[in-house]
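Undergrad: This structure is in structure tokens; I'll ask about it shortly.
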Amino acid sequence: MRLRGIVQTSIRLVYPPTCLTCDTMVETEGGLCGLCWRETPFIDGAVCGGCGAPLVAGPVTDDVLCDDCLRVRRPWAAGRSALVYRDNGRRLVLGLKHGDRMEVARPAARWMARAARGMVTPDMIVVPVPLHWLRRIKRRYNQSALLGRALAREIGLTRYADMLERPLATPPLDGMSPDKRHETLEQALSINGRRQGDLQGRPVLLIDDVMTSGATLSAATGVLQAAGSGPVSVLTLARAVKDA
């Protein structure tokens, strides 16, 4: 342990930690400088109980919903998000998703854990949204699985990275209407048969990087519930909101 500490100290001296979104030096790994922290759209205060989107005013309860969640019935029990998907929130998500910025996962998990307070129960299992194997090979990793692993460690829950599978390769959902997204994902996800016994009756914390229409999370929730899960709650790093 002492040797590890010496090595880590030496690395910090040679490569001092820098802000996740700029080159400013910071005190700890995975931190944001003061300016970037102020410009990162963390979600605090009143939020939608269905997706975690910020609300102008009101209590933080699962009964208060945003316009999107009032218009589209969500199959999950509750939802939260750590950031609004704009500005630094968008840069962090895209860096993790497409920019090989895997170091974002650990601090992101801390922010997500804070957003999920009151929604997590001790018997929950953490399940990330899967990628099709071709896309995973191209990207080299599944960003949702990275978030799920870091979050499970942060809050002390069991994680099943392979609970859900994506046997069908779907086209990118960007630019599709909500109805088209739901149609595209209808048969895209399935349960890993080897894990079904670990799912029975267990409440699930479903993890993804960003929620836009909610089509992917809806499809995943439906598959989990059909396979015998307990209540499903969703947690994302970021939530795309109108006029954000």
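Chain labels A, B, ... are given in the sequence in which chains occur in the structure tokens; within each chain residues are numbered consecutively from 1, and ligands are likewise numbered from 1 in the order shown.
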Give me, as a ChimeraX atom specification, all polymer residues having an atom no more than 6 Å from Glu165 of chain A, counting only C-alpha atoms and skipping those fewer than 4 positions away in the same chain.
TA: /A:130,189-191
Undergrad: Could those residues be written to a file, using C-alpha atoms, as an mmCIF file, in the first residue's frame?
TA:
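Result written to part-v3.cif:
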data_model
loop_
_atom_site.group_PDB
_atom_site.id
_atom_site.type_symbol
_atom_site.label_atom_id
_atom_site.label_comp_id
_atom_site.auth_asym_id
_atom_site.auth_seq_id
_atom_site.Cartn_x
_atom_site.Cartn_y
_atom_site.Cartn_z
ATOM 1 C CA PRO A 130 -26.376 -2.646 -23.520
ATOM 2 C CA LEU A 189 -33.284 -5.833 -26.476
ATOM 3 C CA SER A 190 -33.537 -9.142 -24.634
ATOM 4 C CA ILE A 191 -32.666 -10.783 -21.309
#
Undergrad: Neighbours of segment 84-99 of chain A within 7 Å (only C-alpha atoms; same-chain residues fewer than 5 positions away dropped), as a PyMOL selection string?
TA: chain A and resi 39-43+104+143+209+238-240+244
Undergrad: Those same residues, written as a CSV table (one decimal), in the first residue's frame with all heavy atoms?
TA:
chain,number,residue,atom,x,y,z
A,39,GLU,N,-20.3,26.4,-14.6
A,39,GLU,CA,-20.9,26.3,-16.0
A,39,GLU,C,-21.5,25.0,-16.3
A,39,GLU,O,-21.9,24.7,-17.4
A,39,GLU,CB,-19.9,26.8,-17.0
A,39,GLU,CG,-19.5,28.3,-16.9
A,39,GLU,CD,-18.6,28.7,-17.9
A,39,GLU,OE1,-18.0,27.9,-18.7
A,39,GLU,OE2,-18.3,29.9,-18.0
A,40,THR,N,-21.4,24.0,-15.4
A,40,THR,CA,-21.9,22.7,-15.6
A,40,THR,C,-23.3,22.6,-15.1
A,40,THR,O,-23.6,22.9,-13.9
A,40,THR,CB,-21.1,21.6,-14.9
A,40,THR,OG1,-19.7,21.7,-15.4
A,40,THR,CG2,-21.6,20.2,-15.1
A,41,PRO,N,-24.3,22.3,-15.9
A,41,PRO,CA,-25.7,22.3,-15.5
A,41,PRO,C,-26.2,21.1,-14.6
A,41,PRO,O,-26.9,20.3,-15.1
A,41,PRO,CB,-26.5,22.4,-16.8
A,41,PRO,CG,-25.6,21.6,-17.7
A,41,PRO,CD,-24.2,21.9,-17.3
A,42,PHE,N,-25.7,21.1,-13.4
A,42,PHE,CA,-26.2,20.1,-12.5
A,42,PHE,C,-27.7,20.3,-12.2
A,42,PHE,O,-28.2,21.5,-12.1
A,42,PHE,CB,-25.4,20.2,-11.1
A,42,PHE,CG,-24.0,19.8,-11.3
A,42,PHE,CD1,-23.0,20.7,-11.4
A,42,PHE,CD2,-23.6,18.4,-11.3
A,42,PHE,CE1,-21.7,20.3,-11.5
A,42,PHE,CE2,-22.3,18.0,-11.4
A,42,PHE,CZ,-21.3,19.0,-11.5
A,43,ILE,N,-28.4,19.2,-12.0
A,43,ILE,CA,-29.8,19.3,-11.7
A,43,ILE,C,-30.0,19.3,-10.2
A,43,ILE,O,-29.7,18.3,-9.5
A,43,ILE,CB,-30.6,18.2,-12.4
A,43,ILE,CG1,-30.5,18.3,-13.9
A,43,ILE,CG2,-32.1,18.2,-12.0
A,43,ILE,CD1,-31.1,17.1,-14.7
A,104,VAL,N,-14.2,10.0,-17.1
A,104,VAL,CA,-15.4,10.8,-16.7
A,104,VAL,C,-16.3,9.9,-15.9
A,104,VAL,O,-17.1,10.4,-15.1
A,104,VAL,CB,-16.1,11.3,-18.0
A,104,VAL,CG1,-17.5,11.9,-17.6
A,104,VAL,CG2,-15.3,12.4,-18.7
A,143,GLN,N,-20.3,2.9,-22.7
A,143,GLN,CA,-20.3,4.0,-21.7
A,143,GLN,C,-21.3,3.8,-20.6
A,143,GLN,O,-21.0,4.1,-19.4
A,143,GLN,CB,-20.5,5.3,-22.4
A,143,GLN,CG,-21.9,5.6,-22.9
A,143,GLN,CD,-22.2,4.9,-24.2
A,143,GLN,OE1,-21.3,4.3,-24.8
A,143,GLN,NE2,-23.4,5.1,-24.7
A,209,ASP,N,-26.5,6.7,-20.3
A,209,ASP,CA,-25.7,8.0,-20.3
A,209,ASP,C,-26.6,9.2,-20.4
A,209,ASP,O,-26.4,10.2,-19.7
A,209,ASP,CB,-24.6,8.0,-21.4
A,209,ASP,CG,-25.1,7.7,-22.8
A,209,ASP,OD1,-26.3,7.2,-22.9
A,209,ASP,OD2,-24.4,7.9,-23.7
A,238,ALA,N,-27.3,12.4,-17.9
A,238,ALA,CA,-27.9,13.6,-18.4
A,238,ALA,C,-29.3,13.4,-18.9
A,238,ALA,O,-29.6,12.4,-19.4
A,238,ALA,CB,-27.0,14.2,-19.4
A,239,ARG,N,-30.0,14.5,-18.9
A,239,ARG,CA,-31.4,14.5,-19.5
A,239,ARG,C,-31.5,15.7,-20.5
A,239,ARG,O,-31.2,16.8,-20.2
A,239,ARG,CB,-32.4,14.8,-18.3
A,239,ARG,CG,-33.8,15.0,-18.8
A,239,ARG,CD,-34.4,13.7,-19.4
A,239,ARG,NE,-35.9,13.8,-19.5
A,239,ARG,CZ,-36.6,13.9,-20.6
A,239,ARG,NH1,-35.9,14.0,-21.8
A,239,ARG,NH2,-37.9,13.9,-20.6
A,240,ALA,N,-31.9,15.3,-21.7
A,240,ALA,CA,-32.1,16.3,-22.7
A,240,ALA,C,-33.5,17.0,-22.5
A,240,ALA,O,-34.5,16.3,-22.3
A,240,ALA,CB,-32.1,15.7,-24.1
A,244,ALA,N,-33.1,23.8,-23.6
A,244,ALA,CA,-32.0,23.8,-22.6
A,244,ALA,C,-30.8,24.5,-23.2
A,244,ALA,O,-30.6,24.5,-24.4
A,244,ALA,CB,-31.7,22.3,-22.4
Undergrad: Taking 5 positions as the minimum chain separation for residues in the same chain, which residues sit within 7 Å of segment 217-227 of chain A when counting only C-alpha atoms? Answer as a list in words.
TA: Arg74, Pro75, Trp76, Leu185, Glu186, Leu189, Ser190, Ile191, Gln196 and Val232 of chain A
Undergrad: From a backbone DSSP assignment, name each residue in segment 115-151 of chain A labelled strand (DSSP E or B), as JSON, numbers by chain.
TA: {"A": [125, 126, 127, 128]}
Undergrad: Could you give me, as JSON lines, a per-residue list for segment 121-224 of chain A showing, wherever an atom lies at most 10 Å from an atom of segment 44-58 of chain A, the closest pair of atoms and their distance in Å to one decimal, using only C-alpha atoms and sorting by chain then residue number from low to high?
TA:
{"residue": "A:Met211", "atom": "CA", "partner": "A:Cys51", "partner_atom": "CA", "distance": 8.0}
{"residue": "A:Thr212", "atom": "CA", "partner": "A:Cys51", "partner_atom": "CA", "distance": 9.8}
{"residue": "A:Gly214", "atom": "CA", "partner": "A:Cys51", "partner_atom": "CA", "distance": 8.5}
Undergrad: Using only C-alpha atoms, determine which residues lie at most 12 Å from Arg153 of chain A, disregarding the query and same-chain residues fewer than 5 positions distant; provide the list as a PyMOL selection string.
TA: chain A and resi 105-107+109-110+113+125-126+146-148+158-159
